[in-house]
>>> print(open('coords_31.cif').read())   # mmCIF, C-alpha atoms
data_protein
#
loop_
_atom_site.label_atom_id
_atom_site.label_comp_id
_atom_site.auth_asym_id
_atom_site.auth_seq_id
_atom_site.Cartn_x
_atom_site.Cartn_y
_atom_site.Cartn_z
CA MET A 227 -12.47 6.77 13.03
CA THR A 228 -13.87 10.28 12.79
CA VAL A 229 -16.05 10.80 9.73
CA ILE A 230 -15.23 14.36 8.74
CA ALA A 231 -17.81 16.70 7.29
CA GLN A 232 -17.02 17.20 3.61
CA PRO A 233 -17.83 19.86 1.02
CA HIS A 234 -20.86 19.31 -1.24
CA THR A 235 -18.82 18.69 -4.40
CA PRO A 236 -17.53 15.09 -4.23
CA VAL A 237 -13.79 14.61 -4.08
CA THR A 238 -12.57 11.10 -4.80
CA GLY A 239 -9.77 9.62 -2.73
CA LEU A 240 -7.73 6.56 -3.70
CA ILE A 241 -6.47 4.25 -0.95
CA LEU A 242 -3.60 1.92 -1.86
CA SER A 243 -2.83 -0.45 0.99
CA GLY A 244 0.46 -2.16 1.75
CA GLY A 245 1.43 -5.70 0.94
CA GLY A 246 4.86 -5.99 -0.67
CA ALA A 247 4.71 -7.75 -4.04
CA ARG A 248 0.93 -8.04 -3.66
CA ALA A 249 0.74 -4.37 -4.68
CA ALA A 250 1.13 -5.51 -8.31
CA TYR A 251 -2.61 -6.24 -8.13
CA GLN A 252 -3.28 -2.54 -7.61
CA VAL A 253 -1.54 -1.70 -10.88
CA GLY A 254 -3.90 -3.99 -12.79
CA VAL A 255 -6.94 -2.26 -11.28
CA LEU A 256 -5.48 1.16 -12.12
CA ALA A 257 -4.80 0.04 -15.69
CA ALA A 258 -8.45 -0.92 -16.06
CA ILE A 259 -9.57 2.46 -14.68
CA ALA A 260 -7.27 4.24 -17.14
CA ASP A 261 -8.90 2.30 -19.98
CA LEU A 262 -12.37 3.28 -18.73
CA LEU A 263 -11.63 7.01 -18.62
CA PRO A 264 -13.06 9.09 -21.49
CA ASP A 265 -9.88 11.18 -21.26
CA PRO A 266 -6.94 8.96 -20.17
CA SER A 267 -4.85 12.00 -19.28
CA HIS A 268 -7.37 13.15 -16.65
CA ASN A 269 -6.57 12.20 -13.05
CA PRO A 270 -9.79 10.91 -11.43
CA PHE A 271 -8.23 10.89 -7.92
CA PRO A 272 -7.55 14.35 -6.46
CA VAL A 273 -6.53 12.66 -3.18
CA ILE A 274 -4.11 9.72 -3.29
CA VAL A 275 -3.02 7.90 -0.13
CA GLY A 276 -0.67 4.93 0.11
CA THR A 277 1.06 2.77 2.69
CA SER A 278 4.07 0.48 2.29
CA ALA A 279 4.28 -0.78 -1.31
CA GLY A 280 1.00 1.04 -1.90
CA ALA A 281 2.84 4.26 -1.05
CA ILE A 282 5.21 3.66 -3.96
CA ASN A 283 2.28 3.19 -6.33
CA ALA A 284 0.56 6.25 -4.86
CA VAL A 285 3.55 8.53 -5.35
CA GLY A 286 4.15 7.10 -8.81
CA LEU A 287 0.63 8.17 -9.75
CA ALA A 288 1.01 11.57 -8.11
CA CYS A 289 4.30 12.27 -9.89
CA GLY A 290 2.49 11.73 -13.19
CA ALA A 291 -0.89 13.18 -12.24
CA LEU A 292 -0.78 15.60 -15.19
CA GLN A 293 -0.93 12.57 -17.49
CA PHE A 294 -2.74 9.85 -15.53
CA GLY A 295 -2.77 7.24 -18.27
CA GLU A 296 0.95 7.61 -18.89
CA ALA A 297 1.66 7.38 -15.16
CA VAL A 298 -0.28 4.09 -14.99
CA ARG A 299 1.62 2.77 -18.01
CA ARG A 300 4.94 3.58 -16.35
CA LEU A 301 3.90 1.82 -13.16
CA THR A 302 2.70 -1.18 -15.12
CA ALA A 303 5.95 -1.43 -17.07
CA VAL A 304 7.97 -1.45 -13.83
CA TRP A 305 5.86 -4.16 -12.21
CA GLN A 306 5.69 -6.27 -15.36
CA ASN A 307 9.47 -6.44 -15.53
CA PHE A 308 10.17 -6.77 -11.83
CA HIS A 309 12.86 -9.03 -10.44
CA THR A 310 13.71 -9.61 -6.81
CA HIS A 311 17.23 -8.21 -7.14
CA GLN A 312 15.68 -4.81 -7.99
CA VAL A 313 14.09 -4.66 -4.53
CA TYR A 314 16.61 -6.37 -2.25
CA ARG A 315 19.92 -8.20 -2.54
CA SER A 316 19.20 -11.76 -3.63
CA ASP A 317 22.69 -12.92 -4.64
CA TRP A 318 24.76 -15.29 -2.48
CA PRO A 319 27.29 -12.66 -1.23
CA GLY A 320 24.55 -10.14 -0.52
CA VAL A 321 22.26 -12.54 1.34
CA LEU A 322 25.07 -14.13 3.38
CA HIS A 323 26.54 -10.74 4.29
CA GLN A 324 23.17 -9.41 5.40
CA ALA A 325 22.44 -12.57 7.41
CA ALA A 326 25.80 -12.26 9.18
CA ARG A 327 25.13 -8.59 9.93
CA PHE A 328 21.68 -9.41 11.27
CA LEU A 329 22.97 -12.15 13.57
CA GLY A 330 25.89 -10.06 14.75
CA HIS A 331 23.64 -7.13 15.45
CA SER A 332 20.90 -9.17 17.14
CA LEU A 333 22.96 -11.64 19.17
CA LEU A 334 26.26 -9.87 19.80
CA GLY A 335 25.22 -6.23 19.67
CA LEU A 336 27.65 -5.41 16.85
CA GLY A 337 27.07 -2.34 14.69
CA ARG A 338 24.25 -0.89 16.76
CA GLU A 339 24.59 2.51 15.09
CA THR A 340 23.53 1.11 11.72
CA PRO A 341 19.95 -0.11 11.18
CA VAL A 342 19.84 -3.73 10.13
CA ALA A 343 17.26 -6.22 8.90
CA LEU A 344 17.02 -9.64 7.26
CA LEU A 345 17.20 -8.20 3.73
CA ASP A 346 19.23 -5.40 2.15
CA SER A 347 16.79 -3.04 0.40
CA ARG A 348 19.34 -0.67 -1.14
CA PRO A 349 18.44 -1.85 -4.68
CA LEU A 350 14.93 -0.48 -4.14
CA ARG A 351 16.35 2.98 -3.46
CA ASN A 352 18.27 2.85 -6.73
CA LEU A 353 15.16 1.77 -8.64
CA LEU A 354 12.99 4.54 -7.22
CA GLU A 355 15.64 7.15 -7.90
CA ARG A 356 15.55 6.17 -11.56
CA GLU A 357 11.80 5.92 -11.96
CA LEU A 358 10.30 8.78 -9.93
CA ASP A 359 10.33 12.50 -10.63
CA PHE A 360 9.01 14.14 -7.46
CA SER A 361 8.77 17.55 -9.13
CA GLY A 362 5.66 16.24 -10.90
CA ILE A 363 3.73 16.37 -7.60
CA ALA A 364 4.18 20.12 -7.15
CA ALA A 365 3.35 20.72 -10.81
CA ALA A 366 0.11 18.74 -10.52
CA VAL A 367 -0.90 20.59 -7.34
CA ARG A 368 -0.20 23.98 -8.96
CA GLN A 369 -2.35 23.08 -11.97
CA ARG A 370 -5.11 21.77 -9.66
CA LYS A 371 -4.94 18.26 -11.09
CA LEU A 372 -4.05 16.95 -7.63
CA ARG A 373 -5.28 18.04 -4.22
CA ALA A 374 -2.88 16.00 -2.10
CA VAL A 375 -0.82 12.82 -1.97
CA ALA A 376 0.17 11.15 1.28
CA VAL A 377 2.22 8.23 2.58
CA THR A 378 2.12 6.82 6.09
CA ALA A 379 5.09 5.57 8.11
CA PHE A 380 5.49 4.32 11.68
CA GLY A 381 7.81 6.16 14.10
CA TYR A 382 9.76 3.67 16.19
CA GLU A 383 10.56 6.26 18.88
CA SER A 384 7.21 8.04 19.11
CA GLY A 385 5.03 5.01 18.40
CA GLN A 386 2.88 7.13 16.08
CA ALA A 387 1.53 6.51 12.60
CA VAL A 388 2.73 9.63 10.79
CA THR A 389 1.11 10.59 7.49
CA PHE A 390 3.45 12.75 5.44
CA TYR A 391 1.46 14.66 2.83
CA GLN A 392 2.13 17.14 0.05
CA GLY A 393 -0.70 19.18 -1.36
CA ARG A 394 -2.62 22.41 -1.31
CA ALA A 395 -1.72 24.94 1.39
CA THR A 396 -5.31 25.03 2.64
CA ILE A 397 -5.03 21.51 4.09
CA ASP A 398 -4.44 21.64 7.84
CA PRO A 399 -2.31 19.09 9.71
CA TRP A 400 -4.12 16.83 12.15
CA PHE A 401 -3.41 15.29 15.52
CA ARG A 402 -5.21 12.20 16.78
CA HIS A 403 -4.28 9.48 19.23
CA ARG A 404 -1.09 7.95 17.77
CA ARG A 405 -2.03 9.37 14.34
CA VAL A 406 -0.71 12.67 13.00
CA GLY A 407 -0.62 14.36 9.62
CA VAL A 408 2.50 16.34 8.71
CA PRO A 409 2.76 18.59 5.64
CA THR A 410 6.07 18.18 3.83
CA ARG A 411 7.68 17.94 0.44
CA LEU A 412 7.70 14.22 -0.25
CA ALA A 413 11.02 12.61 -1.06
CA LEU A 414 12.57 9.20 -1.50
CA ASP A 415 13.13 8.60 2.22
CA HIS A 416 9.41 8.92 2.94
CA LEU A 417 8.68 6.07 0.51
CA LEU A 418 11.47 3.86 1.79
CA ALA A 419 10.32 4.42 5.37
CA SER A 420 6.71 3.56 4.56
CA ALA A 421 7.81 0.38 2.72
CA SER A 422 10.23 -0.85 5.43
CA ILE A 423 8.51 -4.02 6.66
CA PRO A 424 9.70 -4.57 10.28
CA LEU A 425 12.67 -6.95 10.59
CA ILE A 426 12.59 -7.70 6.86
CA PHE A 427 13.72 -4.27 5.58
CA PRO A 428 15.78 -1.76 7.60
CA PRO A 429 14.09 1.39 8.97
CA THR A 430 14.76 4.79 7.42
CA LYS A 431 15.72 7.93 9.33
CA ILE A 432 13.67 11.06 8.66
CA ASN A 433 14.82 14.11 10.59
CA ARG A 434 15.54 12.80 14.12
CA GLU A 435 13.54 9.57 14.13
CA TYR A 436 13.68 6.17 12.44
CA PHE A 437 10.53 5.11 10.62
CA GLY A 438 9.23 1.80 9.36
CA ASP A 439 6.22 0.39 7.57
CA GLY A 440 3.19 2.60 8.12
CA ALA A 441 0.79 -0.33 8.34
CA VAL A 442 2.22 -1.32 11.75
CA ARG A 443 0.17 1.19 13.76
CA GLN A 444 -2.23 2.52 11.15
CA SER A 445 -5.49 1.68 12.89
CA ALA A 446 -7.54 3.88 10.53
CA PRO A 447 -6.07 3.58 7.01
CA ILE A 448 -8.92 5.52 5.38
CA SER A 449 -8.73 8.44 7.79
CA PRO A 450 -5.85 10.34 6.06
CA ALA A 451 -7.85 10.57 2.83
CA LEU A 452 -10.76 12.13 4.70
CA HIS A 453 -8.47 14.62 6.42
CA LEU A 454 -7.10 15.58 3.01
CA GLY A 455 -10.58 16.41 1.75
CA ALA A 456 -11.91 13.20 0.17
CA SER A 457 -15.67 12.69 0.40
CA ARG A 458 -15.70 9.28 -1.31
CA VAL A 459 -12.94 6.71 -1.42
CA LEU A 460 -11.92 3.88 -3.71
CA VAL A 461 -9.96 1.23 -1.80
CA ILE A 462 -7.82 -1.22 -3.75
CA GLY A 463 -7.09 -4.04 -1.35
CA VAL A 464 -4.64 -6.92 -1.61
CA SER A 465 -6.66 -9.64 0.13
CA ASN A 466 -9.77 -11.58 -0.78
CA ASN A 467 -10.68 -12.12 2.89
CA ALA A 468 -13.88 -10.11 2.62
CA GLN A 469 -15.20 -12.14 -0.29
CA SER A 470 -14.20 -15.55 1.00
CA ALA A 471 -15.08 -15.19 4.67
CA ALA A 472 -18.66 -16.31 4.25
CA THR A 473 -17.94 -19.28 2.02
CA GLU A 474 -14.61 -20.50 3.36
CA VAL A 475 -14.53 -24.19 4.21
CA PRO A 476 -12.61 -24.96 7.42
CA ARG A 477 -9.43 -26.91 6.82
CA ALA A 478 -8.83 -30.25 8.43
CA SER A 479 -6.90 -29.89 11.67
CA SER A 480 -3.22 -30.76 11.57
CA GLN A 481 -1.26 -32.46 14.31
CA ARG A 482 1.89 -30.59 13.32
CA PRO A 483 2.80 -27.26 14.91
CA PRO A 484 2.68 -24.20 12.64
CA THR A 485 5.84 -23.40 10.72
CA LEU A 486 7.65 -20.08 11.09
CA ALA A 487 6.41 -19.15 7.63
CA GLN A 488 2.79 -19.79 8.63
CA ILE A 489 3.22 -17.65 11.73
CA GLY A 490 4.98 -14.97 9.70
CA GLY A 491 2.23 -14.99 7.08
CA HIS A 492 -0.44 -14.41 9.73
CA LEU A 493 1.61 -11.59 11.26
CA LEU A 494 1.99 -9.93 7.87
CA ASN A 495 -1.72 -10.30 7.17
CA SER A 496 -2.61 -8.76 10.53
CA THR A 497 -0.26 -5.85 9.77
CA PHE A 498 -1.29 -5.10 6.20
CA ILE A 499 -4.85 -6.37 5.85
CA ASP A 500 -6.82 -6.67 9.06
CA SER A 501 -6.75 -2.98 10.03
CA LEU A 502 -7.94 -1.91 6.59
CA GLU A 503 -10.83 -4.36 6.60
CA SER A 504 -11.80 -3.30 10.14
CA ASP A 505 -11.65 0.36 9.13
CA ILE A 506 -13.92 -0.26 6.13
CA GLU A 507 -16.39 -2.10 8.36
CA LEU A 508 -16.36 0.76 10.88
CA LEU A 509 -16.88 3.37 8.17
CA ASN A 510 -19.83 1.43 6.77
CA ARG A 511 -21.40 1.32 10.22
CA LEU A 512 -20.91 5.07 10.65
CA ASN A 513 -22.53 5.60 7.27
CA GLN A 514 -25.51 3.56 8.41
CA LEU A 515 -25.72 5.59 11.62
CA SER A 516 -25.57 8.82 9.62
CA ALA A 517 -28.39 7.65 7.38
CA MET A 518 -30.57 7.14 10.48
CA LEU A 519 -30.14 10.75 11.63
CA PRO A 520 -32.74 13.36 10.68
CA GLY A 521 -31.83 15.57 7.74
CA GLU A 522 -31.37 18.72 9.84
CA PRO A 523 -28.49 17.46 12.06
CA ARG A 524 -26.69 16.18 8.97
CA SER A 525 -27.09 19.51 7.22
CA ARG A 526 -25.52 21.30 10.18
CA GLY A 527 -22.22 19.54 9.54
CA LEU A 528 -21.96 17.51 12.73
CA GLY A 529 -19.18 15.35 11.36
CA MET A 530 -21.46 12.51 10.36
CA LYS A 531 -21.87 13.05 6.62
CA PRO A 532 -21.75 9.68 4.81
CA VAL A 533 -18.56 8.73 2.97
CA ASP A 534 -19.12 6.53 -0.07
CA VAL A 535 -16.69 3.60 -0.18
CA LEU A 536 -16.00 1.18 -3.02
CA VAL A 537 -13.60 -1.70 -2.44
CA VAL A 538 -11.90 -3.63 -5.23
CA ALA A 539 -10.04 -6.69 -3.94
CA PRO A 540 -8.62 -9.92 -5.38
CA SER A 541 -11.18 -12.52 -6.41
CA ARG A 542 -8.63 -15.30 -5.83
CA PRO A 543 -6.23 -15.99 -2.91
CA LEU A 544 -2.85 -14.42 -3.69
CA ASP A 545 -0.92 -16.91 -1.57
CA GLN A 546 -2.09 -19.74 -3.84
CA ILE A 547 -0.86 -17.79 -6.87
CA ALA A 548 2.47 -17.18 -5.12
CA ALA A 549 2.85 -20.90 -4.40
CA ARG A 550 2.68 -21.65 -8.13
CA HIS A 551 5.46 -19.16 -8.85
CA GLN A 552 7.82 -20.07 -6.03
CA ARG A 553 10.43 -21.48 -8.45
CA GLU A 554 10.96 -17.95 -9.79
CA LEU A 555 12.53 -16.91 -6.50
CA PRO A 556 16.36 -16.89 -6.62
CA ARG A 557 17.90 -20.13 -5.40
CA VAL A 558 19.62 -18.63 -2.37
CA LEU A 559 16.32 -17.23 -1.10
CA ARG A 560 14.51 -20.51 -1.71
CA LEU A 561 17.18 -22.19 0.38
CA PHE A 562 16.80 -19.74 3.26
CA LEU A 563 13.01 -19.87 3.12
CA ARG A 564 12.77 -23.65 2.87
CA GLY A 565 13.63 -24.19 6.53
CA PRO A 566 10.90 -21.89 7.89
CA GLY A 567 8.42 -23.57 5.52
CA ALA A 568 7.76 -20.67 3.14
CA THR A 569 8.20 -22.90 0.08
CA LYS A 570 5.41 -25.19 1.25
CA ALA A 571 1.73 -24.57 0.58
CA GLY A 572 0.95 -23.55 4.15
CA GLY A 573 3.71 -20.94 4.21
CA ALA A 574 3.05 -19.32 0.84
CA GLY A 575 1.60 -16.27 2.58
CA VAL A 576 5.12 -14.98 3.20
CA LEU A 577 6.07 -15.64 -0.43
CA SER A 578 3.11 -13.56 -1.62
CA TYR A 579 4.73 -10.51 -0.01
CA LEU A 580 8.35 -11.13 -1.07
CA LEU A 581 8.02 -12.64 -4.56
CA PHE A 582 9.01 -9.64 -6.69
CA GLU A 583 9.31 -11.65 -9.92
CA SER A 584 7.71 -10.92 -13.27
CA GLY A 585 5.67 -14.12 -13.60
CA TYR A 586 3.93 -13.64 -10.26
CA CYS A 587 3.54 -9.86 -10.68
CA ASN A 588 2.12 -10.20 -14.18
CA GLU A 589 -0.50 -12.68 -13.02
CA LEU A 590 -1.52 -10.28 -10.24
CA ILE A 591 -1.71 -7.39 -12.71
CA GLU A 592 -3.94 -9.43 -14.99
CA LEU A 593 -6.11 -10.49 -12.06
CA GLY A 594 -6.49 -6.85 -10.97
CA TYR A 595 -7.43 -5.79 -14.49
CA GLN A 596 -10.04 -8.54 -14.88
CA ASP A 597 -11.51 -7.93 -11.41
CA ALA A 598 -11.90 -4.22 -12.16
CA MET A 599 -13.44 -4.83 -15.59
CA ALA A 600 -15.89 -7.29 -14.02
CA ARG A 601 -17.12 -4.34 -11.95
CA LYS A 602 -17.03 -1.83 -14.77
CA ALA A 603 -20.55 -0.49 -14.13
CA GLU A 604 -19.84 0.04 -10.42
CA LEU A 605 -16.55 1.83 -11.10
CA CYS A 606 -18.04 4.10 -13.77
CA SER A 607 -20.94 5.02 -11.50
CA PHE A 608 -18.73 5.57 -8.46
CA LEU A 609 -16.15 7.69 -10.28
CA GLY A 610 -18.75 9.66 -12.21
CA LEU A 611 -16.91 9.07 -15.46
CA ALA A 612 -19.71 10.76 -17.41
CA GLU A 613 -18.41 14.02 -15.97
CA ALA A 614 -15.66 15.66 -18.02
CA THR A 615 -13.71 16.83 -15.04
CA GLN A 616 -13.85 16.62 -11.27
CA PRO A 617 -13.33 19.87 -9.31
CA LEU A 618 -10.70 19.92 -6.60
#
>>> encode(input="coords_31.cif", output="structure tokens")
Amino acid sequence: MTVIAQPHTPVTGLILSGGGARAAYQVGVLAAIADLLPDPSHNPFPVIVGTSAGAINAVGLACGALQFGEAVRRLTAVWQNFHTHQVYRSDWPGVLHQAARFLGHSLLGLGRETPVALLDSRPLRNLLERELDFSGIAAAVRQRKLRAVAVTAFGYESGQAVTFYQGRATIDPWFRHRRVGVPTRLALDHLLASASIPLIFPPTKINREYFGDGAVRQSAPISPALHLGASRVLVIGVSNNAQSAATEVPRASSQRPPTLAQIGGHLLNSTFIDSLESDIELLNRLNQLSAMLPGEPRSRGLGMKPVDVLVVAPSRPLDQIAARHQRELPRVLRLFLRGPGATKAGGAGVLSYLLFESGYCNELIELGYQDAMARKAELCSFLGLAEATQPL
């Protein structure tokens, strides 16, 4: 990661990572931040960056950046009342039809011109069309309440992580190895592309290329926020790996081979979580290196100015919470997931990404809220909430 030299006035960036239904946790943290603000209408995040389900939350905030508290309330209301059928087809005809299409496409080569996946995500498009007003982004940028908002998607043809951003005209596009930033007017297809988990949701075509979940090749998730002008970043993660790594007790070895759900859970974690945690670790090391440099080289803007990072992440394992709520999943999906082992304790990692049901989402929202309030002093200090406004 390149640590970019930043202007003296701090600009706070918000990083919302991917993770399917786990992104409900982010809404709880945001609700706590809205309650901590002296002026709930003020947007404390001039730069907002999201990937996958985090991209949906990011754009939801950006669309309502003129009234931050109201935007958070709208997001919270959606997640509190979520049901799986609002994200993907979960009825018997829909699931069976999609399974037949997937097998026909994969084994027999039928319908190659139409993208296909295990689940039909057309309900998500309908939901986002109802809930999002993209004109709010341009209005917030014009009134200088928002510097930029960005979502990242993965190009299947180019193999690049493409960050589509909308913001001030002074922000230049960037080109790095397999990472590019493209200015555009964000639309529904950008969100659907960023949230298209490979094989699970179908890819989305933007211009001449099909795109999928941006977490697939996003080796530096924090980098887009720095390119957009952020000098300090708040990261809302969806894993408690960082907290539990030092105290985790090794599990007793099992003589049984891993189930497909266990394998799938590890693949999803490596896609959505590992790169973010590695990027945070790298940025912290660069900050330490910068602190060791003499004051004069830093003042010359050699690209090594420290970037303050605060991470808020779940204090409890989300897969264990998902396992308690597995009965909320529609019966047809429980049937299809039983064979791969997703309804068993060891396979609950997959459920934690796909369980878009109100009971599970509400518990994650509450967990996010409590975790953020437990770190109230840190958040207030980091965000500089004593200041009335934050210049863009």
>>> atom_distance(input="coords_31.cif", atom1="atom CA of A:Ser316", atom2="atom CA of A:Ile426")
13.0 Å
>>> resolve_selection(input="coords_31.cif", expression="the PyMOL selection byres ((chain A and resi 359) around 12)", output="list in words")
Val285, Gly286, Leu287, Ala288, Cys289, Gly290, Ala291, Ala297, Arg300, Leu353, Leu354, Glu355, Arg356, Glu357, Leu358, Phe360, Ser361, Gly362, Ile363, Ala364, Ala365, Ala366, Leu412, Ala413 and Leu414 of chain A
>>> residues_around(input="coords_31.cif", residues="A:Trp318", least_positions_apart="5", cutoff="12 Å", atoms="all atoms listed in the file", output="list in words")
His311, His323, Gln324, Ala325, Pro556, Arg557, Val558, Leu559, Arg560, Leu561 and Phe562 of chain A
>>> residues_near_point(input="coords_31.cif", point="(2.1, 19.0, -2.2)", cutoff="7 Å", atoms="all atoms listed in the file", output="list in words")
Ile363, Ala364, Val367, Ala374, Val375, Tyr391, Gln392, Gly393, Arg394 and Arg411 of chain A
>>> atom_distance(input="coords_31.cif", atom1="atom CA of A:Glu592", atom2="atom CA of A:Trp305")
11.5 Å
